[in-house]
Amino acid sequence: MIGTRGVPAAFGGFETAVEEVGRRLVDRGHAVTVYCRSRRSTPAPVPPDSMHLGMRLVHLPAARLGHLEALSHTALSVLHASTGARPDTAFVFNSANAPFVPLLRRRGIPTGVHVDGLEWKRDKWGGTARRYYRWAEQLSARCADALIADAPGIVDYYRAEFAIPTELIGYGTHLLQNPPATRLAELGLTPNGYHLVVARFEPENHVDVIIDGYRRSSAALPLVVVGSAPNPGAHARKITALAHDPRVRLLGKLWDQDQLDQLYAHSVSYLHGHSVGGTNPSLLRAMGARTAAIAWDVSFNRDVLGVYGAYFHDAATLAALIEDAELNPHHTQEVSEALQRRAASRYNWGHVTDGYEDLARRLVSGYSTQGLSPGRAARSRWKESDGARGQSTAARGTP
């Protein structure tokens with residue numbers, strides 16, 4: 001497994017997926033190697049007992065050059081994987097790492113790429129980065145043996161844009177049953193006594209709209225905001241200015257996962273403003289914690305929450321939904337229970353592992369989308385226009 005920060009998972013959705021899927025593949029008798037970013041600036045020998053939950057960890061350095069850090073680490077990881085004992089298959093995470101996939105396939109290693117969301121749509125990227133992500137999407141379609149997406153909307157996008165089948169393999173979440181509330185007092189909070197948002201302060205996550213909507217509401221319970229800005233700037237300053245309301249509490253980053261679990265589990269509602277990407281781990285975490293979710297109205301969030309979600313597209317709509325969550329506690333509780341049941345049935349790490357295991361077996365047996373000649377279709381669609389859409393073909397999914 002290549003292209004993430006590695007495990008133990010402490011950062012994001014990809015790292016969590018690697019840990020949860022990897023440990024289960026080990027339990028099923030597979031040998032799993034995970035490439036991890038070392039904090040050292042030079043390569044260091046990896047002791048033979050460098051293991052985590054049965055997974056072999058290979059630590060390699062990365063250039064501390066901003067956005068190039070991830071690419072430099074993937075380059076070293078692919079070189080390492082290509083020159084040692086040949087693995088049966090490789091999973092590369094993030095389509096941005098697509099330029100290194102041909103090296104793996106040249107070594108005879110069948111490779112699947114988990115393409116993530118539509119990164120080029122994120123406001124934080126400048127023109128050069130957006131063009132790179134668009135090019136990397138095309139390269140993924142042309143070079144990988146299989147593409148993996150975690151949401152139906154991403155599957156549809158690759159099917160339409162590149163006329164290529166894409167594996168639908170979602171994420172999982174953990175179900176919290178009667179979790180304690182002992183850590184809330186440290187934050188001055190009580191169970192069922194606040195609304196919660198957990199997000200980076202980036203434009204596409206709409207934390208500013210959430211705070212604005214909350215301020216417009218007559219909510220009696222405070223709004224707790226967990227997160228911070230990756231880079232200080234105008235957007236972060238806007239959020240700080242909006243938070244000048246005694247009912248809004250900015251907690252900043254929170255790394256204590258037990259405390260974060262309790263925050264999710266004992267909030268009246270979880271407010272989710274993410275508008276770009278596929279299945280979001282924060283939203284699944286809220287569902288697993290049995291918390292009612294109010295989400296930005298996009299297809300990705302509707303795919304996850306279904307009829308049990310409440311949706312907003314501006315501050316005024318959100319204000320009314322927050323007020324309703326407080327005024328109708330019995331309905332809010334019923335929704336939260338329904339969402340946890342939905343999480344249990346649809347977002348199970350065992351089922352996710354089934355998907356990766358099935359795909360790995362097919363790749364080892366010779367399955368490859370390259371036999372479907374997607375490259376020519378991808379190139380022709382790319383030339384039509386930046387937003388062109390091709391004719392739909394059937395997508396191949398996994399349970």
# chains A, B, ... in the order shown; residues from 1 in each chain; ligands from 1
$ residues_around --residues "His80 of chain A" --least-positions-apart "6" --cutoff "10 Å" --atoms "only C-alpha atoms" --output "PyMOL selection string"
chain A and resi 35+58+60+74
$ select_by_dssp --residues "segment 255-309 of chain A" --states "strand (DSSP E)" --output "list in words"
Ser269, Tyr270, Leu271, His272, Ala292, Ala293, Ile294, Ala295 and Trp296 of chain A
$ write_last_selection --atoms "N, CA and C atoms" --output "compact mmCIF listing (two decimals), in the first residue's frame"
# COMPACT_ATOMS: atom_id res chain seq x y z
N SER A 269 -26.24 17.67 17.18
CA SER A 269 -26.17 17.50 15.74
C SER A 269 -24.73 17.69 15.27
N TYR A 270 -24.41 17.06 14.16
CA TYR A 270 -23.11 17.24 13.52
C TYR A 270 -23.34 18.00 12.22
N LEU A 271 -22.67 19.13 12.07
CA LEU A 271 -22.85 20.00 10.90
C LEU A 271 -21.68 19.78 9.95
N HIS A 272 -22.01 19.38 8.72
CA HIS A 272 -21.00 18.92 7.77
C HIS A 272 -21.07 19.76 6.51
N ALA A 292 -27.18 12.86 14.75
CA ALA A 292 -27.93 13.40 13.62
C ALA A 292 -27.02 14.33 12.81
N ALA A 293 -27.07 14.21 11.49
CA ALA A 293 -26.17 14.98 10.62
C ALA A 293 -26.96 15.95 9.75
N ILE A 294 -26.42 17.16 9.66
CA ILE A 294 -26.95 18.18 8.76
C ILE A 294 -25.81 18.52 7.80
N ALA A 295 -26.00 18.24 6.50
CA ALA A 295 -24.88 18.27 5.56
C ALA A 295 -25.12 19.20 4.38
N TRP A 296 -24.02 19.66 3.81
CA TRP A 296 -24.07 20.47 2.59
C TRP A 296 -24.73 19.65 1.49
$ closest_atom_pairs --of "segment 195-226 of chain A" --to "segment 305-325 of chain A" --cutoff "10 Å" --atoms "only C-alpha atoms" --output "CSV"
residue,atom,partner,partner_atom,distance
A:His195,CA,A:Ile322,CA,8.4
A:His206,CA,A:Asp314,CA,9.4
A:Asp208,CA,A:Ala315,CA,9.1
A:Val209,CA,A:Ala315,CA,5.5
A:Ile210,CA,A:Ala315,CA,6.5
A:Ile211,CA,A:Ala315,CA,8.2
A:Asp212,CA,A:Ala315,CA,5.9
A:Gly213,CA,A:Ala315,CA,3.9
A:Tyr214,CA,A:Ala319,CA,5.5
A:Arg215,CA,A:Ala319,CA,7.7
A:Arg216,CA,A:Ala319,CA,5.8
A:Ser217,CA,A:Ala319,CA,4.5
A:Ser218,CA,A:Glu323,CA,6.4
A:Ala219,CA,A:Glu323,CA,5.7
A:Ala220,CA,A:Glu323,CA,8.7
A:Leu221,CA,A:Ile322,CA,9.8
$ residues_around --residues "segment 250-259 of chain A" --least-positions-apart "5" --cutoff "6 Å" --atoms "only C-alpha atoms" --output "ChimeraX atom specification"
/A:183,225-228
$ closest_atom_pairs --of "segment 132-232 of chain A" --to "segment 86-94 of chain A" --cutoff "12 Å" --atoms "only C-alpha atoms" --output "Markdown table"
| residue | atom | partner | partner_atom | distance |
| --- | --- | --- | --- | --- |
| A:Tyr133 | CA | A:Asn94 | CA | 9.9 |
| A:Ala136 | CA | A:Asn94 | CA | 9.4 |
| A:Glu137 | CA | A:Asn94 | CA | 9.4 |
| A:Leu139 | CA | A:Asn94 | CA | 11.9 |
| A:Ser140 | CA | A:Asn94 | CA | 9.5 |
| A:Cys143 | CA | A:Val92 | CA | 12.0 |
| A:Ala144 | CA | A:Val92 | CA | 9.4 |
| A:Asp145 | CA | A:Ala90 | CA | 10.1 |
| A:Ala146 | CA | A:Phe91 | CA | 9.4 |
| A:Leu147 | CA | A:Phe91 | CA | 9.6 |
| A:Ile148 | CA | A:Phe93 | CA | 9.1 |
| A:Ala149 | CA | A:Asn94 | CA | 10.1 |
| A:Asp150 | CA | A:Phe93 | CA | 11.6 |
$ write_last_selection --atoms "N, CA and C atoms" --output "mmCIF file, in the first residue's frame"
data_model
loop_
_atom_site.group_PDB
_atom_site.id
_atom_site.type_symbol
_atom_site.label_atom_id
_atom_site.label_comp_id
_atom_site.auth_asym_id
_atom_site.auth_seq_id
_atom_site.Cartn_x
_atom_site.Cartn_y
_atom_site.Cartn_z
ATOM 1 N N TYR A 133 -3.640 18.006 -11.263
ATOM 2 C CA TYR A 133 -4.614 17.001 -10.815
ATOM 3 C C TYR A 133 -5.478 16.508 -11.972
ATOM 4 N N ALA A 136 -3.325 14.173 -13.884
ATOM 5 C CA ALA A 136 -3.109 12.929 -13.140
ATOM 6 C C ALA A 136 -4.335 12.023 -13.212
ATOM 7 N N GLU A 137 -5.533 12.610 -13.216
ATOM 8 C CA GLU A 137 -6.743 11.801 -13.406
ATOM 9 C C GLU A 137 -6.673 11.040 -14.720
ATOM 10 N N LEU A 139 -4.034 10.294 -16.442
ATOM 11 C CA LEU A 139 -2.963 9.305 -16.403
ATOM 12 C C LEU A 139 -3.383 8.070 -15.625
ATOM 13 N N SER A 140 -4.146 8.256 -14.560
ATOM 14 C CA SER A 140 -4.651 7.107 -13.802
ATOM 15 C C SER A 140 -5.488 6.202 -14.692
ATOM 16 N N CYS A 143 -3.126 4.362 -17.221
ATOM 17 C CA CYS A 143 -1.997 3.533 -16.797
ATOM 18 C C CYS A 143 -2.341 2.465 -15.760
ATOM 19 N N ALA A 144 -3.329 2.683 -14.920
ATOM 20 C CA ALA A 144 -3.614 1.730 -13.850
ATOM 21 C C ALA A 144 -4.344 0.506 -14.381
ATOM 22 N N ASP A 145 -4.185 -0.608 -13.685
ATOM 23 C CA ASP A 145 -4.940 -1.817 -14.027
ATOM 24 C C ASP A 145 -6.372 -1.733 -13.516
ATOM 25 N N ALA A 146 -6.589 -0.928 -12.484
ATOM 26 C CA ALA A 146 -7.936 -0.746 -11.948
ATOM 27 C C ALA A 146 -7.991 0.590 -11.216
ATOM 28 N N LEU A 147 -9.140 1.218 -11.258
ATOM 29 C CA LEU A 147 -9.388 2.427 -10.501
ATOM 30 C C LEU A 147 -10.372 2.116 -9.380
ATOM 31 N N ILE A 148 -10.171 2.754 -8.233
ATOM 32 C CA ILE A 148 -11.035 2.558 -7.068
ATOM 33 C C ILE A 148 -11.593 3.911 -6.667
ATOM 34 N N ALA A 149 -12.885 3.961 -6.416
ATOM 35 C CA ALA A 149 -13.532 5.166 -5.906
ATOM 36 C C ALA A 149 -14.376 4.788 -4.701
ATOM 37 N N ASP A 150 -14.546 5.745 -3.769
ATOM 38 C CA ASP A 150 -15.291 5.433 -2.554
ATOM 39 C C ASP A 150 -16.713 5.946 -2.567
#
$ atom_distance --atom1 "atom CA of Gly278 of chain A" --atom2 "atom CA of Leu263 of chain A"
23.6 Å
$ residues_around --residues "Ala234 of chain A" --least-positions-apart "6" --cutoff "12 Å" --atoms "only C-alpha atoms" --output "ChimeraX atom specification"
/A:124,201-203,208,240-241
$ select_by_dssp --residues "segment 209-356 of chain A" --states "helix (DSSP H, G or I)" --output "MDAnalysis selection string"
chainID A and resid 209:216 234:242 257:265 281:288 299:308 315:327 329:346 349:356
$ write_last_selection --atoms "C-alpha atoms" --output "compact mmCIF listing (two decimals), in the first residue's frame"
# COMPACT_ATOMS: atom_id res chain seq x y z
CA VAL A 209 -21.28 29.33 6.21
CA ILE A 210 -21.91 26.99 9.13
CA ILE A 211 -20.91 29.60 11.71
CA ASP A 212 -22.93 32.25 9.87
CA GLY A 213 -25.98 29.97 9.77
CA TYR A 214 -25.62 29.12 13.43
CA ARG A 215 -25.37 32.81 14.38
CA ARG A 216 -28.57 33.51 12.45
CA ALA A 234 -8.26 35.58 4.32
CA HIS A 235 -10.58 32.59 4.72
CA ALA A 236 -9.23 31.73 8.17
CA ARG A 237 -9.53 35.36 9.23
CA LYS A 238 -13.14 35.40 8.04
CA ILE A 239 -13.94 32.36 10.20
CA THR A 240 -12.25 33.91 13.23
CA ALA A 241 -14.24 37.11 12.75
CA LEU A 242 -17.53 35.21 12.44
CA GLN A 257 -9.24 10.40 19.52
CA ASP A 258 -11.07 9.22 22.65
CA GLN A 259 -12.09 12.77 23.44
CA LEU A 260 -13.07 13.36 19.82
CA ASP A 261 -15.24 10.22 19.87
CA GLN A 262 -17.05 11.58 22.90
CA LEU A 263 -17.56 14.93 21.18
CA TYR A 264 -19.18 13.21 18.19
CA ALA A 265 -21.29 10.87 20.30
CA PRO A 281 -14.70 9.89 7.05
CA SER A 282 -15.87 12.66 9.40
CA LEU A 283 -19.45 12.21 8.26
CA LEU A 284 -19.20 8.43 8.71
CA ARG A 285 -17.72 8.96 12.16
CA ALA A 286 -20.73 11.02 13.18
CA MET A 287 -23.07 8.33 11.87
CA GLY A 288 -21.19 5.63 13.75
CA SER A 299 -24.63 14.21 -4.23
CA PHE A 300 -21.71 12.78 -2.21
CA ASN A 301 -23.36 13.63 1.11
CA ARG A 302 -26.80 12.48 -0.06
CA ASP A 303 -25.26 9.14 -1.11
CA VAL A 304 -23.98 8.69 2.45
CA LEU A 305 -26.90 9.93 4.53
CA GLY A 306 -29.82 9.08 2.25
CA VAL A 307 -33.28 10.09 3.43
CA TYR A 308 -32.10 10.40 7.02
CA ALA A 315 -26.74 30.03 5.98
CA ALA A 316 -30.48 30.73 6.14
CA THR A 317 -31.41 27.10 5.42
CA LEU A 318 -28.94 25.86 8.02
CA ALA A 319 -30.29 28.23 10.68
CA ALA A 320 -33.75 26.72 10.38
CA LEU A 321 -32.39 23.16 10.54
CA ILE A 322 -30.36 23.88 13.68
CA GLU A 323 -33.42 25.35 15.38
CA ASP A 324 -35.47 22.30 14.38
CA ALA A 325 -32.85 19.94 15.85
CA GLU A 326 -33.20 21.67 19.23
CA LEU A 327 -36.98 22.11 19.16
CA PRO A 329 -35.36 16.34 20.29
CA HIS A 330 -37.37 13.13 19.83
CA HIS A 331 -37.19 13.41 16.04
CA THR A 332 -33.48 14.27 16.23
CA GLN A 333 -32.89 11.14 18.34
CA GLU A 334 -34.83 8.96 15.87
CA VAL A 335 -32.74 10.31 13.00
CA SER A 336 -29.49 9.67 14.87
CA GLU A 337 -30.47 6.05 15.54
CA ALA A 338 -31.47 5.52 11.91
CA LEU A 339 -28.12 6.91 10.72
CA GLN A 340 -26.18 4.55 12.97
CA ARG A 341 -28.17 1.61 11.61
CA ARG A 342 -27.36 2.82 8.10
CA ALA A 343 -23.67 3.03 9.00
CA ALA A 344 -23.74 -0.50 10.39
CA SER A 345 -25.23 -1.93 7.21
CA ARG A 346 -23.40 0.12 4.56
CA TRP A 349 -14.81 -2.30 7.38
CA GLY A 350 -15.25 -6.03 6.84
CA HIS A 351 -17.23 -5.36 3.65
CA VAL A 352 -14.64 -2.79 2.55
CA THR A 353 -11.91 -5.39 3.04
CA ASP A 354 -13.94 -7.84 0.94
CA GLY A 355 -13.81 -5.32 -1.89
CA TYR A 356 -10.04 -4.86 -1.73
$ atom_distance --atom1 "atom CA of Val198 of chain A" --atom2 "atom CA of Ala243 of chain A"
14.6 Å
$ residues_around --residues "Ser82 of chain A" --least-positions-apart "6" --cutoff "10 Å" --atoms "only C-alpha atoms" --output "PDB file with C-alpha atoms, in the first residue's frame"
ATOM      1  CA  LEU A  76      10.944   6.480  -3.294  1.00  0.00           C
ATOM      2  CA  LEU A 103       7.129   1.924 -12.989  1.00  0.00           C
ATOM      3  CA  LEU A 104       5.210  -0.637 -10.955  1.00  0.00           C
ATOM      4  CA  ARG A 105       3.497  -2.147 -13.973  1.00  0.00           C
ATOM      5  CA  ARG A 106       6.786  -2.299 -15.881  1.00  0.00           C
ATOM      6  CA  ARG A 107       8.074  -4.475 -13.051  1.00  0.00           C
ATOM      7  CA  GLY A 108       5.062  -6.748 -13.585  1.00  0.00           C
ATOM      8  CA  ILE A 109       3.179  -5.558 -10.500  1.00  0.00           C
TER       9      ILE A 109
END
$ closest_residue --among "A:Thr279, A:Asn231, A:Thr128, A:Thr111" --to "Ala141 of chain A" --atoms "only C-alpha atoms"
A:Thr111
$ closest_residue --among "A:Met1, A:Ala63, A:Val21, A:Val207" --to "Thr33 of chain A" --atoms "only C-alpha atoms"
A:Met1
